[in-house]
Amino acid sequence: MSLSPTKTTSQVQWQFHPHTLLDLYRQQQWEALSETLLNLLRHFEQVTYLQLTPQEHYAINAFVKHFLYLFTQPDYIISDRHVPEFLKLNGVISNLVAISNFRTTDPWLLLLEQQPNNFAKLLTLYSPRNRRQYPIQRFFDLSPRLASLWYCYSFTRYAGLCANPHTKQRLKDLMAAFDNRLDVLVEFHHMNFGATYIDGEGDSRFKAKLNAKIRELVTRHITIRNQPNPRRIGVISGRWFSGTSVYRILQPFVKALQETYEVVLYYFPRNGVTPDTSGFVATYPLPLSNHQFDLSPLIENDLMLVYYPDIGMDAENILLSNLRLAPIQVMGYGHPVSTFGSEIDYFIGGAAVEPATAAQHYSERLILLPGLGQSCIRPPYQPQYLPPATHPLVINCSWYAQKVNPKLLQLLREILRQTQRPLLFQIFAGTAVATRNDFLPFVRDLQRFLPPRSFQVILYKPYSEYMALMERGAFALDPYPFGGGNTVVDSLLIGKPIVTYEGQRWYNRIGSAILKEVGLEELVARSDREYVEKALRLVEDGDYRQQLSQKLQQMDLDRLLFHGCEKQFFRQAIDYLIANHDALKQSSSRDPILIAGNG
């Protein structure tokens, strides 16, 4: 029986032979059976199916049937050396079963409950998609090591699970069940980065525990020797290259520092990507390979201050943020969420965006610049101002998959309910559901809320292609509770109105603040009702929509958004921190520090 991918990054032919698997089982060749099953599963880890023919769907059903039958046989023993990889493939197995007609592994969990030596198998098949539930504390009672591996791997596919009410709640339950007996950290960056998308109210407690565990298991063994030079600043980033959202909003800040300080770049090497090293007095790679992190350029350093543009987006900077590399440690809005308990002292934000209650959302002390707390670089795209597609009317939803959640989908469903006009929501999901077969289960979760003809999921595209597709849209909707900044700018650049939903965190206020900067506060919603009403007006009132589009096309965005004046405020903030660090260290105040912006 064979299966070949229809649209993937690979055209590897996949085959399995049921009789071969059954023969290995009958001959009790457990090692060979495990290797064969793992090889078959690795295909689905490496190749993602975006659609299935009836024959391919039949083949997946057949494989899932045989895999679950053999895997849950009580006499089939998995050797210790194979257990970690089966646990690692937990999410792939969950996706594969979700694609099949079986949907979940619940019946097989019930079988395993009655068997001896069942723990590793049960963990392999138990995921947030299961309706069956077990007390996670009991897992750690049985084996802290296996429970730790399973716990970490359970978060790796979070982005494809947040759109489903059941799986999102199970992820919240996982966060709440954090056990201090966790004794190994694997792929923990998914836990850290995903926490806010899973539970924006519980992420602070979860990340505080995770940071403490990182210090216990990893960073307490590392000794840093620092002899600070007041003119020396380090920038540590894994995203310091053109095209990333981090670079787009924070590159002018670093350029401003380079005018008066000796600035050193420490970067995390990525295949096929070259960081922007211009203006730095030195650059050092910090490679992470085979779980070994080369920190030699930082072990002895002369930095007075380190600036992290994007803590949370890479495992490396999450680890480093739990070390004291320099007397002053600062972070920015590259990933606009507090570390909640690392060794970072200050978070540089924007007074025009942060609410009066902002301090409670950060473990770092806030430094508030005048304005947005970020700068804006004009994107490398020349707008065509093409007329939008109208049959159906296309609505841009530039939402990474992790931002798609049940509340948002309910709002889209309500918009559809209140109009007779055919709509197509163009959902730009990025790369998060483009691997390990998250895509088809994600689409199926969206279909729980929306008719299949009413939406299209678009995976990662090069920026010019993404913007060309955006030009098809009549207007855009910003996600909530985790909104966008660069994506709002993208819409304005091509003359597309966008409705934002303002909340109480920077990440759901930045889009609204940008609209206020350009005089479009009328598109800012502050409730579900307003969000739906403003979207419906743009759907039904073509003259109003055209009027806003023309206004945007005639707008001087260079003057309103791309002026770059915020970079001087940023340099003032760094000057202030270096000059006043000793006094600030002695202070117990948590009040935000306001930068006047007057020279």
# chains A, B, ... in the order shown; residues from 1 in each chain; ligands from 1
>>> select_by_dssp(residues="region 123-215 of chain A", states="alpha helix (DSSP H)", output="ChimeraX atom specification")
/A:123-125,136-142,144-153,165-176,188-198,203-215
>>> select_by_dssp(residues="region 178-319 of chain A", states="strand (DSSP E or B)", output="PyMOL selection string")
chain A and resi 225-237+262-267+270+273+282-285+288-289+292-293+300-308
>>> residues_around(residues="Leu548 (chain A)", least_positions_apart="3", cutoff="10 Å", atoms="only C-alpha atoms", output="MDAnalysis selection string")
chainID A and resid 475 495:498 520 538 542:545 551:553
>>> write_last_selection(atoms="all heavy atoms", output="compact mmCIF listing (two decimals), in the first residue's frame")
# COMPACT_ATOMS: atom_id res chain seq x y z
N PHE A 475 -10.61 44.44 2.80
CA PHE A 475 -10.16 45.03 4.06
C PHE A 475 -9.59 43.91 4.91
O PHE A 475 -9.55 42.75 4.47
CB PHE A 475 -11.29 45.79 4.77
CG PHE A 475 -12.41 44.93 5.27
CD1 PHE A 475 -12.44 44.45 6.58
CD2 PHE A 475 -13.48 44.60 4.43
CE1 PHE A 475 -13.49 43.67 7.05
CE2 PHE A 475 -14.53 43.80 4.89
CZ PHE A 475 -14.53 43.34 6.20
N GLY A 495 -3.24 50.21 1.22
CA GLY A 495 -4.51 50.93 1.15
C GLY A 495 -5.72 50.12 1.58
O GLY A 495 -6.83 50.37 1.10
N LYS A 496 -5.52 49.17 2.50
CA LYS A 496 -6.64 48.34 2.96
C LYS A 496 -7.02 48.74 4.39
O LYS A 496 -6.18 48.67 5.30
CB LYS A 496 -6.27 46.86 2.93
CG LYS A 496 -5.75 46.36 1.58
CD LYS A 496 -6.81 46.41 0.50
CE LYS A 496 -6.26 45.89 -0.81
NZ LYS A 496 -7.27 45.98 -1.91
N PRO A 497 -8.28 49.15 4.61
CA PRO A 497 -8.70 49.40 6.00
C PRO A 497 -8.55 48.12 6.83
O PRO A 497 -8.63 47.01 6.30
CB PRO A 497 -10.17 49.79 5.86
CG PRO A 497 -10.37 50.10 4.41
CD PRO A 497 -9.36 49.32 3.64
N ILE A 498 -8.35 48.28 8.12
CA ILE A 498 -8.24 47.12 9.01
C ILE A 498 -8.95 47.43 10.33
O ILE A 498 -8.80 48.53 10.88
CB ILE A 498 -6.77 46.72 9.26
CG1 ILE A 498 -6.69 45.50 10.19
CG2 ILE A 498 -5.94 47.87 9.80
CD1 ILE A 498 -5.31 44.85 10.23
N LEU A 520 -7.27 56.97 12.02
CA LEU A 520 -8.34 56.02 11.70
C LEU A 520 -8.87 55.34 12.96
O LEU A 520 -9.15 54.14 12.97
CB LEU A 520 -7.85 54.97 10.70
CG LEU A 520 -7.66 55.46 9.26
CD1 LEU A 520 -7.09 54.35 8.40
CD2 LEU A 520 -8.99 55.95 8.68
N LEU A 538 -17.94 47.53 6.76
CA LEU A 538 -16.99 47.43 5.65
C LEU A 538 -17.45 46.41 4.62
O LEU A 538 -17.14 46.55 3.42
CB LEU A 538 -15.60 47.09 6.17
CG LEU A 538 -14.88 48.22 6.92
CD1 LEU A 538 -13.67 47.68 7.67
CD2 LEU A 538 -14.46 49.32 5.95
N GLY A 542 -19.96 49.60 0.39
CA GLY A 542 -18.84 49.70 -0.54
C GLY A 542 -18.30 51.10 -0.67
O GLY A 542 -17.08 51.30 -0.83
N ASP A 543 -19.18 52.11 -0.61
CA ASP A 543 -18.72 53.50 -0.72
C ASP A 543 -17.83 53.87 0.47
O ASP A 543 -16.80 54.53 0.30
CB ASP A 543 -19.92 54.45 -0.79
CG ASP A 543 -20.69 54.31 -2.10
OD1 ASP A 543 -20.10 53.80 -3.08
OD2 ASP A 543 -21.88 54.70 -2.13
N TYR A 544 -18.24 53.45 1.66
CA TYR A 544 -17.45 53.72 2.87
C TYR A 544 -16.09 53.05 2.78
O TYR A 544 -15.05 53.64 3.07
CB TYR A 544 -18.22 53.24 4.09
CG TYR A 544 -17.47 53.32 5.40
CD1 TYR A 544 -17.05 54.54 5.93
CD2 TYR A 544 -17.18 52.16 6.12
CE1 TYR A 544 -16.38 54.60 7.14
CE2 TYR A 544 -16.50 52.21 7.33
CZ TYR A 544 -16.11 53.45 7.83
OH TYR A 544 -15.43 53.50 9.03
N ARG A 545 -16.10 51.79 2.34
CA ARG A 545 -14.85 51.04 2.21
C ARG A 545 -13.91 51.70 1.20
O ARG A 545 -12.71 51.85 1.44
CB ARG A 545 -15.19 49.61 1.78
CG ARG A 545 -14.02 48.65 1.82
CD ARG A 545 -14.49 47.23 1.57
NE ARG A 545 -15.01 47.03 0.23
CZ ARG A 545 -16.26 46.67 -0.06
NH1 ARG A 545 -17.13 46.47 0.90
NH2 ARG A 545 -16.64 46.51 -1.32
N LYS A 551 -8.40 57.22 1.14
CA LYS A 551 -7.74 58.03 2.16
C LYS A 551 -6.36 57.44 2.49
O LYS A 551 -5.37 58.17 2.62
CB LYS A 551 -8.60 58.08 3.42
CG LYS A 551 -8.01 58.91 4.56
CD LYS A 551 -8.97 58.95 5.75
CE LYS A 551 -8.38 59.77 6.91
NZ LYS A 551 -9.32 59.82 8.07
N LEU A 552 -6.29 56.13 2.61
CA LEU A 552 -5.02 55.47 2.91
C LEU A 552 -4.03 55.61 1.75
O LEU A 552 -2.83 55.84 1.96
CB LEU A 552 -5.25 53.99 3.21
CG LEU A 552 -5.78 53.66 4.60
CD1 LEU A 552 -6.26 52.22 4.68
CD2 LEU A 552 -4.72 53.92 5.65
N GLN A 553 -4.51 55.48 0.54
CA GLN A 553 -3.62 55.59 -0.62
C GLN A 553 -3.00 56.97 -0.75
O GLN A 553 -1.89 57.13 -1.27
CB GLN A 553 -4.39 55.22 -1.90
CG GLN A 553 -4.76 53.75 -1.97
CD GLN A 553 -5.68 53.43 -3.14
OE1 GLN A 553 -5.66 54.14 -4.16
NE2 GLN A 553 -6.47 52.38 -3.02
>>> atom_distance(atom1="CA of Tyr58 (chain A)", atom2="CA of Thr124 (chain A)")
23.4 Å
>>> residues_around(residues="Phe140 (chain A)", least_positions_apart="6", cutoff="8 Å", atoms="only C-alpha atoms", output="PyMOL selection string")
chain A and resi 146-148+179+181-182
>>> closest_residue(among="A:Leu87, A:Ala177, A:Leu217, A:Leu257", to="Arg231 (chain A)", atoms="only C-alpha atoms")
A:Leu257
>>> residues_around(residues="Tyr151 (chain A)", least_positions_apart="6", cutoff="12 Å", atoms="only C-alpha atoms", output="JSON, numbers by chain")
{"A": [87, 88, 90, 91, 123, 124, 126, 127, 128, 136, 137, 139, 140, 143, 144, 145, 157, 171, 173, 174, 175, 176, 177, 178, 179, 180, 181, 182, 183, 184, 185, 186, 187, 188, 190, 191]}
>>> residues_around(residues="Gly511 (chain A)", least_positions_apart="4", cutoff="9 Å", atoms="only C-alpha atoms", output="PyMOL selection string")
chain A and resi 478+483-489+499-502+507+515-516+524
>>> write_last_selection(atoms="N, CA, C and O atoms", output="short mmCIF file (atom, residue, chain, number, x, y, z; two decimals), in the first residue's frame")
data_model
loop_
_atom_site.label_atom_id
_atom_site.label_comp_id
_atom_site.auth_asym_id
_atom_site.auth_seq_id
_atom_site.Cartn_x
_atom_site.Cartn_y
_atom_site.Cartn_z
N ASP A 478 -7.81 42.42 12.39
CA ASP A 478 -6.69 42.12 13.28
C ASP A 478 -7.14 41.07 14.29
O ASP A 478 -8.29 41.10 14.74
N GLY A 483 -2.81 40.54 18.95
CA GLY A 483 -2.94 41.26 17.69
C GLY A 483 -1.62 41.40 16.97
O GLY A 483 -0.62 40.79 17.31
N GLY A 484 -1.64 42.23 15.96
CA GLY A 484 -0.45 42.43 15.15
C GLY A 484 0.00 43.87 15.15
O GLY A 484 -0.74 44.78 15.52
N GLY A 485 1.24 44.11 14.73
CA GLY A 485 1.78 45.45 14.53
C GLY A 485 2.22 45.60 13.09
O GLY A 485 1.69 46.41 12.34
N ASN A 486 3.19 44.75 12.70
CA ASN A 486 3.65 44.78 11.31
C ASN A 486 2.53 44.45 10.34
O ASN A 486 2.47 45.01 9.24
N THR A 487 1.64 43.55 10.71
CA THR A 487 0.56 43.19 9.80
C THR A 487 -0.43 44.33 9.62
O THR A 487 -1.04 44.46 8.54
N VAL A 488 -0.60 45.16 10.64
CA VAL A 488 -1.44 46.36 10.49
C VAL A 488 -0.78 47.33 9.53
O VAL A 488 -1.42 47.89 8.63
N VAL A 489 0.53 47.51 9.68
CA VAL A 489 1.28 48.37 8.75
C VAL A 489 1.18 47.84 7.33
O VAL A 489 1.01 48.61 6.37
N VAL A 499 -9.74 46.50 10.80
CA VAL A 499 -10.43 46.64 12.08
C VAL A 499 -9.58 45.99 13.16
O VAL A 499 -9.16 44.84 13.01
N THR A 500 -9.30 46.73 14.23
CA THR A 500 -8.53 46.20 15.35
C THR A 500 -9.42 46.05 16.57
O THR A 500 -10.50 46.63 16.64
N TYR A 501 -8.97 45.26 17.53
CA TYR A 501 -9.73 45.00 18.76
C TYR A 501 -8.80 45.35 19.92
O TYR A 501 -7.85 44.63 20.19
N GLU A 502 -9.09 46.43 20.60
CA GLU A 502 -8.19 46.95 21.63
C GLU A 502 -8.46 46.28 22.98
O GLU A 502 -9.59 46.18 23.43
N TYR A 507 0.30 43.84 23.14
CA TYR A 507 0.10 43.06 21.93
C TYR A 507 -1.33 43.12 21.41
O TYR A 507 -1.59 42.68 20.29
N LEU A 515 -3.41 52.75 14.21
CA LEU A 515 -4.56 53.38 13.54
C LEU A 515 -4.79 54.81 14.06
O LEU A 515 -5.11 55.71 13.28
N LYS A 516 -4.61 55.01 15.34
CA LYS A 516 -4.77 56.36 15.89
C LYS A 516 -3.69 57.30 15.34
O LYS A 516 -3.96 58.48 15.09
N VAL A 524 -11.21 51.20 15.37
CA VAL A 524 -10.79 50.52 16.60
C VAL A 524 -12.02 50.04 17.36
O VAL A 524 -12.88 50.84 17.74
#
>>> residues_around(residues="region 40-46 of chain A", least_positions_apart="3", cutoff="8 Å", atoms="only C-alpha atoms", output="ChimeraX atom specification")
/A:14-16,36-37,89,92-93,96,435-437
>>> closest_residue(among="A:Ser237, A:Gln456, A:Met555, A:Asp591", to="Thr357 (chain A)", atoms="only C-alpha atoms")
A:Asp591
>>> closest_residue(among="A:Phe63, A:Tyr460, A:Phe293, A:Phe280", to="Ile427 (chain A)", atoms="only C-alpha atoms")
A:Tyr460
>>> closest_residue(among="A:Ala282, A:Val518, A:Ile574, A:Ala429", to="Val306 (chain A)", atoms="only C-alpha atoms")
A:Ile574
